[in-house]
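As stored in work12.txt (compact mmCIF, C-alpha atoms):
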# COMPACT_ATOMS: atom_id res chain seq x y z
CA MET A 1 9.62 18.45 -12.58
CA GLU A 2 8.55 15.73 -15.01
CA PHE A 3 7.26 12.44 -13.62
CA LYS A 4 6.95 9.18 -15.57
CA TYR A 5 6.62 6.63 -12.75
CA ILE A 6 4.79 6.40 -9.45
CA ASP A 7 5.36 4.34 -6.33
CA ILE A 8 1.89 4.20 -4.80
CA HIS A 9 3.02 2.37 -1.67
CA ALA A 10 6.30 3.22 0.05
CA HIS A 11 7.34 3.51 3.68
CA THR A 12 10.15 6.04 3.67
CA ASN A 13 8.34 7.34 6.76
CA PHE A 14 9.67 4.25 8.59
CA LYS A 15 12.69 4.13 10.89
CA ALA A 16 14.69 2.32 8.21
CA PHE A 17 15.11 5.68 6.46
CA ASP A 18 16.02 7.83 9.46
CA GLU A 19 19.59 8.33 8.22
CA ASP A 20 18.81 9.40 4.65
CA ARG A 21 15.08 10.04 4.32
CA LYS A 22 15.30 13.31 2.39
CA GLU A 23 18.02 12.00 0.08
CA THR A 24 15.96 8.88 -0.68
CA ILE A 25 12.96 10.96 -1.72
CA GLU A 26 15.12 13.29 -3.78
CA ARG A 27 16.67 10.32 -5.62
CA ALA A 28 13.18 9.17 -6.56
CA LEU A 29 11.97 12.60 -7.65
CA ASN A 30 15.11 13.17 -9.74
CA ALA A 31 14.47 9.80 -11.42
CA GLY A 32 10.96 10.92 -12.37
CA VAL A 33 9.21 8.89 -9.65
CA MET A 34 6.30 10.23 -7.59
CA VAL A 35 6.10 8.81 -4.07
CA MET A 36 3.18 7.95 -1.82
CA ASN A 37 4.18 7.19 1.77
CA VAL A 38 1.76 4.96 3.61
CA GLY A 39 1.04 5.03 7.34
CA THR A 40 0.57 1.91 9.44
CA GLN A 41 -0.55 3.57 12.66
CA ILE A 42 -1.05 7.13 13.91
CA ASP A 43 2.64 8.03 14.32
CA THR A 44 3.78 6.76 10.92
CA SER A 45 0.67 8.34 9.37
CA ARG A 46 1.58 11.72 10.86
CA LYS A 47 5.12 11.28 9.57
CA ALA A 48 3.81 10.56 6.06
CA VAL A 49 1.80 13.80 6.11
CA GLU A 50 4.76 15.76 7.44
CA MET A 51 6.99 14.41 4.67
CA ALA A 52 4.43 15.17 1.95
CA ASN A 53 4.49 18.81 2.99
CA GLU A 54 8.28 19.04 2.93
CA PHE A 55 8.25 18.81 -0.87
CA ASN A 56 6.52 21.15 -3.31
CA GLU A 57 5.50 18.35 -5.63
CA GLY A 58 5.62 14.61 -6.19
CA VAL A 59 5.16 13.39 -2.61
CA TYR A 60 1.83 12.37 -1.08
CA ALA A 61 0.54 10.67 2.07
CA ILE A 62 -1.83 7.81 2.77
CA ILE A 63 -2.93 7.45 6.38
CA GLY A 64 -4.41 4.56 8.30
CA LEU A 65 -4.13 1.72 10.79
CA HIS A 66 -2.57 -1.55 9.60
CA PRO A 67 -4.54 -4.63 10.70
CA ILE A 68 -1.58 -6.15 12.57
CA HIS A 69 -1.36 -3.00 14.70
CA THR A 70 -4.87 -3.39 16.08
CA GLY A 71 -3.43 -5.74 18.71
CA ALA A 72 -0.16 -7.11 20.04
CA SER A 73 1.95 -7.65 16.97
CA TYR A 74 5.28 -8.72 15.61
CA HIS A 75 7.83 -5.98 16.26
CA ASP A 76 9.54 -4.74 13.11
CA VAL A 77 12.55 -2.54 13.89
CA LYS A 78 12.59 -1.26 10.28
CA GLU A 79 9.11 0.14 10.83
CA LEU A 80 8.98 1.44 14.39
CA GLY A 81 12.55 1.32 15.65
CA GLU A 82 13.66 -0.24 18.92
CA GLU A 83 11.50 2.18 20.89
CA GLY A 84 8.39 0.89 19.12
CA LYS A 85 8.20 -2.21 21.31
CA ALA A 86 5.85 -0.48 23.74
CA PHE A 87 3.49 0.29 20.89
CA THR A 88 3.41 -3.24 19.54
CA SER A 89 2.72 -4.69 22.97
CA ARG A 90 -0.51 -2.73 23.35
CA GLY A 91 -1.72 -2.21 19.79
CA GLU A 92 -3.76 0.79 18.70
CA GLU A 93 -7.47 1.43 19.03
CA PHE A 94 -8.71 3.03 15.82
CA ASN A 95 -9.50 6.67 16.65
CA ALA A 96 -11.49 8.16 13.77
CA ASP A 97 -11.04 11.72 15.05
CA ALA A 98 -7.23 11.44 15.05
CA TYR A 99 -7.21 10.28 11.43
CA ARG A 100 -9.97 12.70 10.49
CA ALA A 101 -7.67 15.57 11.49
CA LEU A 102 -4.94 14.28 9.16
CA LEU A 103 -7.40 13.83 6.30
CA ARG A 104 -7.97 17.57 6.16
CA ASP A 105 -4.51 17.97 4.69
CA PRO A 106 -4.73 18.20 0.87
CA LYS A 107 -1.62 16.03 0.47
CA VAL A 108 -3.49 13.05 1.96
CA VAL A 109 -4.87 11.08 -0.98
CA ALA A 110 -6.17 7.84 0.55
CA ILE A 111 -6.86 5.84 3.71
CA GLY A 112 -4.73 2.82 4.57
CA GLU A 113 -3.06 0.60 4.76
CA CYS A 114 -6.12 -1.05 6.21
CA GLY A 115 -7.73 -4.44 5.79
CA LEU A 116 -7.29 -7.93 7.20
CA ASP A 117 -4.11 -9.84 8.01
CA TYR A 118 -4.62 -13.48 9.02
CA TYR A 119 -0.96 -14.50 9.05
CA ARG A 120 -0.89 -14.61 12.85
CA CYS A 121 -4.42 -14.43 14.18
CA THR A 122 -7.07 -15.67 16.57
CA GLU A 123 -10.82 -15.20 16.50
CA GLU A 124 -10.34 -12.27 18.90
CA THR A 125 -7.75 -10.54 16.73
CA ILE A 126 -9.85 -11.09 13.60
CA ALA A 127 -12.78 -9.37 15.31
CA LYS A 128 -10.55 -6.40 16.23
CA GLN A 129 -9.21 -6.17 12.69
CA LYS A 130 -12.69 -6.18 11.19
CA GLU A 131 -13.84 -3.45 13.56
CA ALA A 132 -10.89 -1.20 12.65
CA PHE A 133 -11.32 -1.96 8.95
CA ILE A 134 -15.01 -1.04 8.98
CA GLY A 135 -14.16 2.18 10.83
CA GLN A 136 -11.67 3.13 8.13
CA ILE A 137 -14.06 2.23 5.32
CA LYS A 138 -16.64 4.56 6.86
CA LEU A 139 -14.06 7.32 7.20
CA ALA A 140 -13.12 6.85 3.54
CA ASN A 141 -16.79 7.17 2.63
CA GLU A 142 -17.03 10.37 4.66
CA PHE A 143 -14.07 11.99 2.92
CA LYS A 144 -14.65 10.32 -0.46
CA LYS A 145 -11.08 9.01 -0.43
CA PRO A 146 -9.92 5.70 -1.94
CA LEU A 147 -8.76 2.82 0.24
CA MET A 148 -5.28 1.29 0.29
CA LEU A 149 -5.87 -2.33 1.24
CA HIS A 150 -3.53 -4.70 3.06
CA ILE A 151 -4.77 -8.29 2.79
CA ARG A 152 -2.75 -11.34 3.78
CA ASN A 153 -3.60 -14.98 4.40
CA ASN A 154 -1.85 -17.66 6.39
CA PRO A 155 -1.17 -20.40 3.80
CA GLU A 156 -1.44 -23.05 6.52
CA ASP A 157 -4.86 -21.84 7.69
CA LYS A 158 -7.59 -23.27 5.47
CA THR A 159 -10.48 -22.07 7.65
CA HIS A 160 -10.09 -18.31 7.12
CA ASP A 161 -9.69 -16.28 3.93
CA ALA A 162 -8.69 -12.64 4.35
CA TYR A 163 -9.39 -11.82 0.69
CA SER A 164 -12.96 -13.08 0.67
CA ASP A 165 -13.66 -11.59 4.11
CA SER A 166 -12.28 -8.21 3.00
CA LEU A 167 -14.34 -8.21 -0.17
CA GLU A 168 -17.45 -9.09 1.81
CA LEU A 169 -16.92 -6.12 4.16
CA LEU A 170 -16.23 -3.80 1.24
CA LYS A 171 -19.42 -4.85 -0.51
CA GLN A 172 -21.32 -4.29 2.71
CA TYR A 173 -19.87 -0.90 3.72
CA ALA A 174 -17.76 0.77 1.02
CA GLU A 175 -19.02 3.65 -1.09
CA VAL A 176 -15.52 4.23 -2.49
CA LYS A 177 -12.98 2.13 -4.37
CA GLY A 178 -9.21 1.83 -4.06
CA ASP A 179 -6.27 -0.52 -4.48
CA VAL A 180 -5.31 -3.99 -3.28
CA HIS A 181 -1.70 -3.45 -2.25
CA PHE A 182 0.99 -6.14 -2.68
CA PHE A 183 -1.43 -8.56 -4.29
CA ALA A 184 -0.64 -12.18 -3.43
CA GLY A 185 -3.87 -13.96 -4.24
CA SER A 186 -5.24 -16.08 -7.06
CA LEU A 187 -6.39 -14.95 -10.47
CA GLU A 188 -9.96 -15.67 -9.40
CA ILE A 189 -9.76 -13.32 -6.40
CA ALA A 190 -7.94 -10.69 -8.47
CA LYS A 191 -10.79 -10.70 -10.98
CA ALA A 192 -13.32 -10.43 -8.14
CA PHE A 193 -11.67 -7.25 -6.83
CA VAL A 194 -11.25 -5.79 -10.32
CA ASP A 195 -14.90 -6.51 -11.10
CA PHE A 196 -15.77 -4.63 -7.90
CA GLY A 197 -13.74 -1.65 -9.16
CA PHE A 198 -10.49 -2.03 -7.23
CA THR A 199 -7.08 -1.87 -8.87
CA ILE A 200 -4.36 -4.42 -8.10
CA SER A 201 -0.81 -3.29 -7.36
CA PHE A 202 2.37 -5.29 -7.68
CA THR A 203 5.83 -5.06 -6.09
CA GLY A 204 9.35 -6.19 -6.96
CA VAL A 205 8.18 -9.76 -6.35
CA LEU A 206 7.43 -9.83 -10.08
CA THR A 207 11.15 -9.55 -10.81
CA PHE A 208 12.17 -12.74 -9.00
CA THR A 209 9.17 -15.07 -9.21
CA HIS A 210 6.65 -15.98 -11.89
CA ASP A 211 3.88 -16.71 -9.37
CA TYR A 212 1.77 -13.74 -10.48
CA ASP A 213 2.57 -13.55 -14.20
CA GLU A 214 -0.82 -15.02 -15.14
CA VAL A 215 -2.61 -12.48 -12.96
CA VAL A 216 -0.71 -9.61 -14.60
CA LYS A 217 -1.49 -11.02 -18.06
CA ALA A 218 -5.19 -11.43 -17.34
CA ILE A 219 -5.95 -8.15 -15.58
CA PRO A 220 -6.44 -5.08 -17.81
CA LEU A 221 -3.44 -2.76 -17.60
CA GLU A 222 -5.84 0.06 -16.70
CA MET A 223 -6.57 -1.78 -13.42
CA ILE A 224 -2.92 -2.28 -12.37
CA MET A 225 -0.63 -0.02 -10.33
CA THR A 226 3.00 -0.18 -9.22
CA GLU A 227 4.66 0.01 -5.82
CA THR A 228 7.85 -0.87 -3.97
CA ASP A 229 6.64 -1.40 -0.39
CA SER A 230 10.01 0.09 0.56
CA PRO A 231 12.09 -0.78 2.53
CA TYR A 232 10.93 -4.35 1.79
CA ILE A 233 10.73 -6.58 -1.31
CA THR A 234 13.73 -5.22 -3.19
CA PRO A 235 13.53 -6.05 -6.91
CA VAL A 236 16.18 -7.54 -9.15
CA PRO A 237 18.87 -6.27 -9.76
CA TYR A 238 19.04 -4.69 -6.29
CA ARG A 239 18.32 -7.80 -4.22
CA GLY A 240 20.10 -7.80 -0.87
CA LYS A 241 19.89 -4.02 -0.50
CA ARG A 242 17.27 -1.87 1.18
CA ASN A 243 14.47 -1.08 -1.24
CA GLU A 244 13.52 2.49 -2.11
CA PRO A 245 10.96 4.24 -4.34
CA MET A 246 13.24 4.89 -7.32
CA HIS A 247 13.35 1.11 -7.86
CA VAL A 248 9.68 1.08 -8.89
CA ARG A 249 10.87 1.35 -12.48
CA GLU A 250 11.95 -2.31 -12.27
CA VAL A 251 8.34 -3.26 -11.51
CA VAL A 252 7.12 -1.22 -14.48
CA LYS A 253 9.69 -2.89 -16.76
CA ARG A 254 8.60 -6.35 -15.64
CA ILE A 255 4.90 -5.60 -16.16
CA ALA A 256 5.74 -4.34 -19.65
CA GLU A 257 7.59 -7.60 -20.38
CA ILE A 258 4.72 -9.75 -19.14
CA LYS A 259 2.19 -7.71 -21.13
CA GLY A 260 4.36 -7.63 -24.24
CA LEU A 261 4.31 -3.83 -24.36
CA SER A 262 6.98 -1.14 -24.43
CA GLU A 263 8.15 0.24 -21.11
CA GLU A 264 7.23 3.76 -22.21
CA GLU A 265 3.64 2.85 -23.10
CA THR A 266 3.23 0.76 -19.94
CA ALA A 267 4.61 3.52 -17.69
CA LYS A 268 2.26 6.06 -19.25
CA ILE A 269 -0.84 3.94 -18.58
CA LEU A 270 0.25 2.96 -15.05
CA PHE A 271 0.91 6.60 -14.20
CA ALA A 272 -2.50 7.61 -15.53
CA ASN A 273 -4.12 4.87 -13.42
CA ALA A 274 -2.68 6.30 -10.22
CA LYS A 275 -3.75 9.84 -11.14
CA ARG A 276 -7.27 8.55 -11.72
CA VAL A 277 -7.56 6.47 -8.56
CA PHE A 278 -5.99 9.01 -6.18
CA GLY A 279 -7.26 12.18 -7.81
CA ILE A 280 -3.84 13.79 -8.19
Could you write out this structure as structure tokens?
Amino acid sequence: MEFKYIDIHAHTNFKAFDEDRKETIERALNAGVMVMNVGTQIDTSRKAVEMANEFNEGVYAIIGLHPIHTGASYHDVKELGEEGKAFTSRGEEFNADAYRALLRDPKVVAIGECGLDYYRCTEETIAKQKEAFIGQIKLANEFKKPLMLHIRNNPEDKTHDAYSDSLELLKQYAEVKGDVHFFAGSLEIAKAFVDFGFTISFTGVLTFTHDYDEVVKAIPLEMIMTETDSPYITPVPYRGKRNEPMHVREVVKRIAEIKGLSEEETAKILFANAKRVFGI
């Protein structure tokens, strides 16, 4: 099977795809799109690994604990289903041994999504997030796997900065590099992560806002990757529908437009970037 595109951050392991999970993956593969499913806690991480092994090629897993799941969190039915309410009420303690067992599977290519999410936070939850993040950085060091970072600020909170705090922890603990998923920061912070060796990935947001055009223009194409964050952030022209990995081509097309390059050349470089970062 020939692949031209790659979705480095999808969640077809989520409940939103229970009715047509296999068909969704097959649509992507038939469209020449490789898929990396990303875990957000131990159950969705296990599901990502299980899915990766259901296909002979083109499907990989990334496993980790999302910062919002380190404590009581907003309940997303698309992610955990109705029955996930019990999980979100208690949160998850990061258990390195549980994730270590999953990392022994050759289809697991990275650790994440991990990082810091300050959208709804207190000093107590920030401390928990940092502890889990450091634990996952150390595990990534142990297995020499890249990190898939989730970093989000609260625009109304001017006293905390998840991007600068994340970069500080990485500089202190990380012996590996990785990707800043769903980048939503400034050009200055993008350059800081790129200078530190991390790639920046973009979603379908590029297709319906110009907020990050200058970041895409300024960052070398060799340090950019593409994702859908399915089932969220559906790109134009599929707005209003559930997102899925095959739509990553719309992100590639938009990056090519912003960069003033052909889609074919852009896709080739973006695909090579993912192969380099994830060792596939």
Report summary line: Across A:Val77, A:Ala190, A:Ile137, A:Met1, the smallest distance to Phe14 (chain A), with all atoms listed in the file counted, is shown by A:Val77
Each region 221-240 of chain A residue no farther than 7 Å from region 197-213 of chain A, nearest pair in Å, all atoms listed in the file, as JSON lines:
{"residue": "A:Met223", "atom": "CA", "partner": "A:Thr199", "partner_atom": "CA", "distance": 4.6}
{"residue": "A:Ile224", "atom": "CA", "partner": "A:Ile200", "partner_atom": "CA", "distance": 5.0}
{"residue": "A:Met225", "atom": "CA", "partner": "A:Ser201", "partner_atom": "CA", "distance": 4.4}
{"residue": "A:Thr226", "atom": "CA", "partner": "A:Ser201", "partner_atom": "CA", "distance": 5.3}
{"residue": "A:Glu227", "atom": "CA", "partner": "A:Thr203", "partner_atom": "CA", "distance": 5.2}
{"residue": "A:Thr228", "atom": "CA", "partner": "A:Thr203", "partner_atom": "CA", "distance": 5.1}
{"residue": "A:Asp229", "atom": "CA", "partner": "A:Thr203", "partner_atom": "CA", "distance": 6.8}
{"residue": "A:Ile233", "atom": "CA", "partner": "A:Gly204", "partner_atom": "CA", "distance": 5.8}
{"residue": "A:Thr234", "atom": "CA", "partner": "A:Gly204", "partner_atom": "CA", "distance": 5.9}
{"residue": "A:Pro235", "atom": "CA", "partner": "A:Gly204", "partner_atom": "CA", "distance": 4.2}
{"residue": "A:Val236", "atom": "CA", "partner": "A:Thr207", "partner_atom": "CA", "distance": 5.7}
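Nearest to Ala132 (chain A) of all the residues A:Gly115, A:Gly279, A:Gly84, A:Pro245 is A:Gly115, based on only C-alpha atoms.
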Query raised in the report: Could you pull the residues within 9 Å of region 18-30 of chain A, counting only C-alpha atoms, minus those fewer than 6 positions along the same chain, as number ranges by chain?
Result: A: 1-3, 12, 51, 57-59, 244-247
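Among the candidates A:Ala272, A:Lys15, A:Thr44, A:Ala52, the one nearest to Pro106 (chain A) when counting only C-alpha atoms is A:Ala52.
Minimum distance to Glu257 (chain A) across A:Phe278, A:Glu83, A:Val216, A:Leu149 (counting all atoms listed in the file) occurs at A:Val216.
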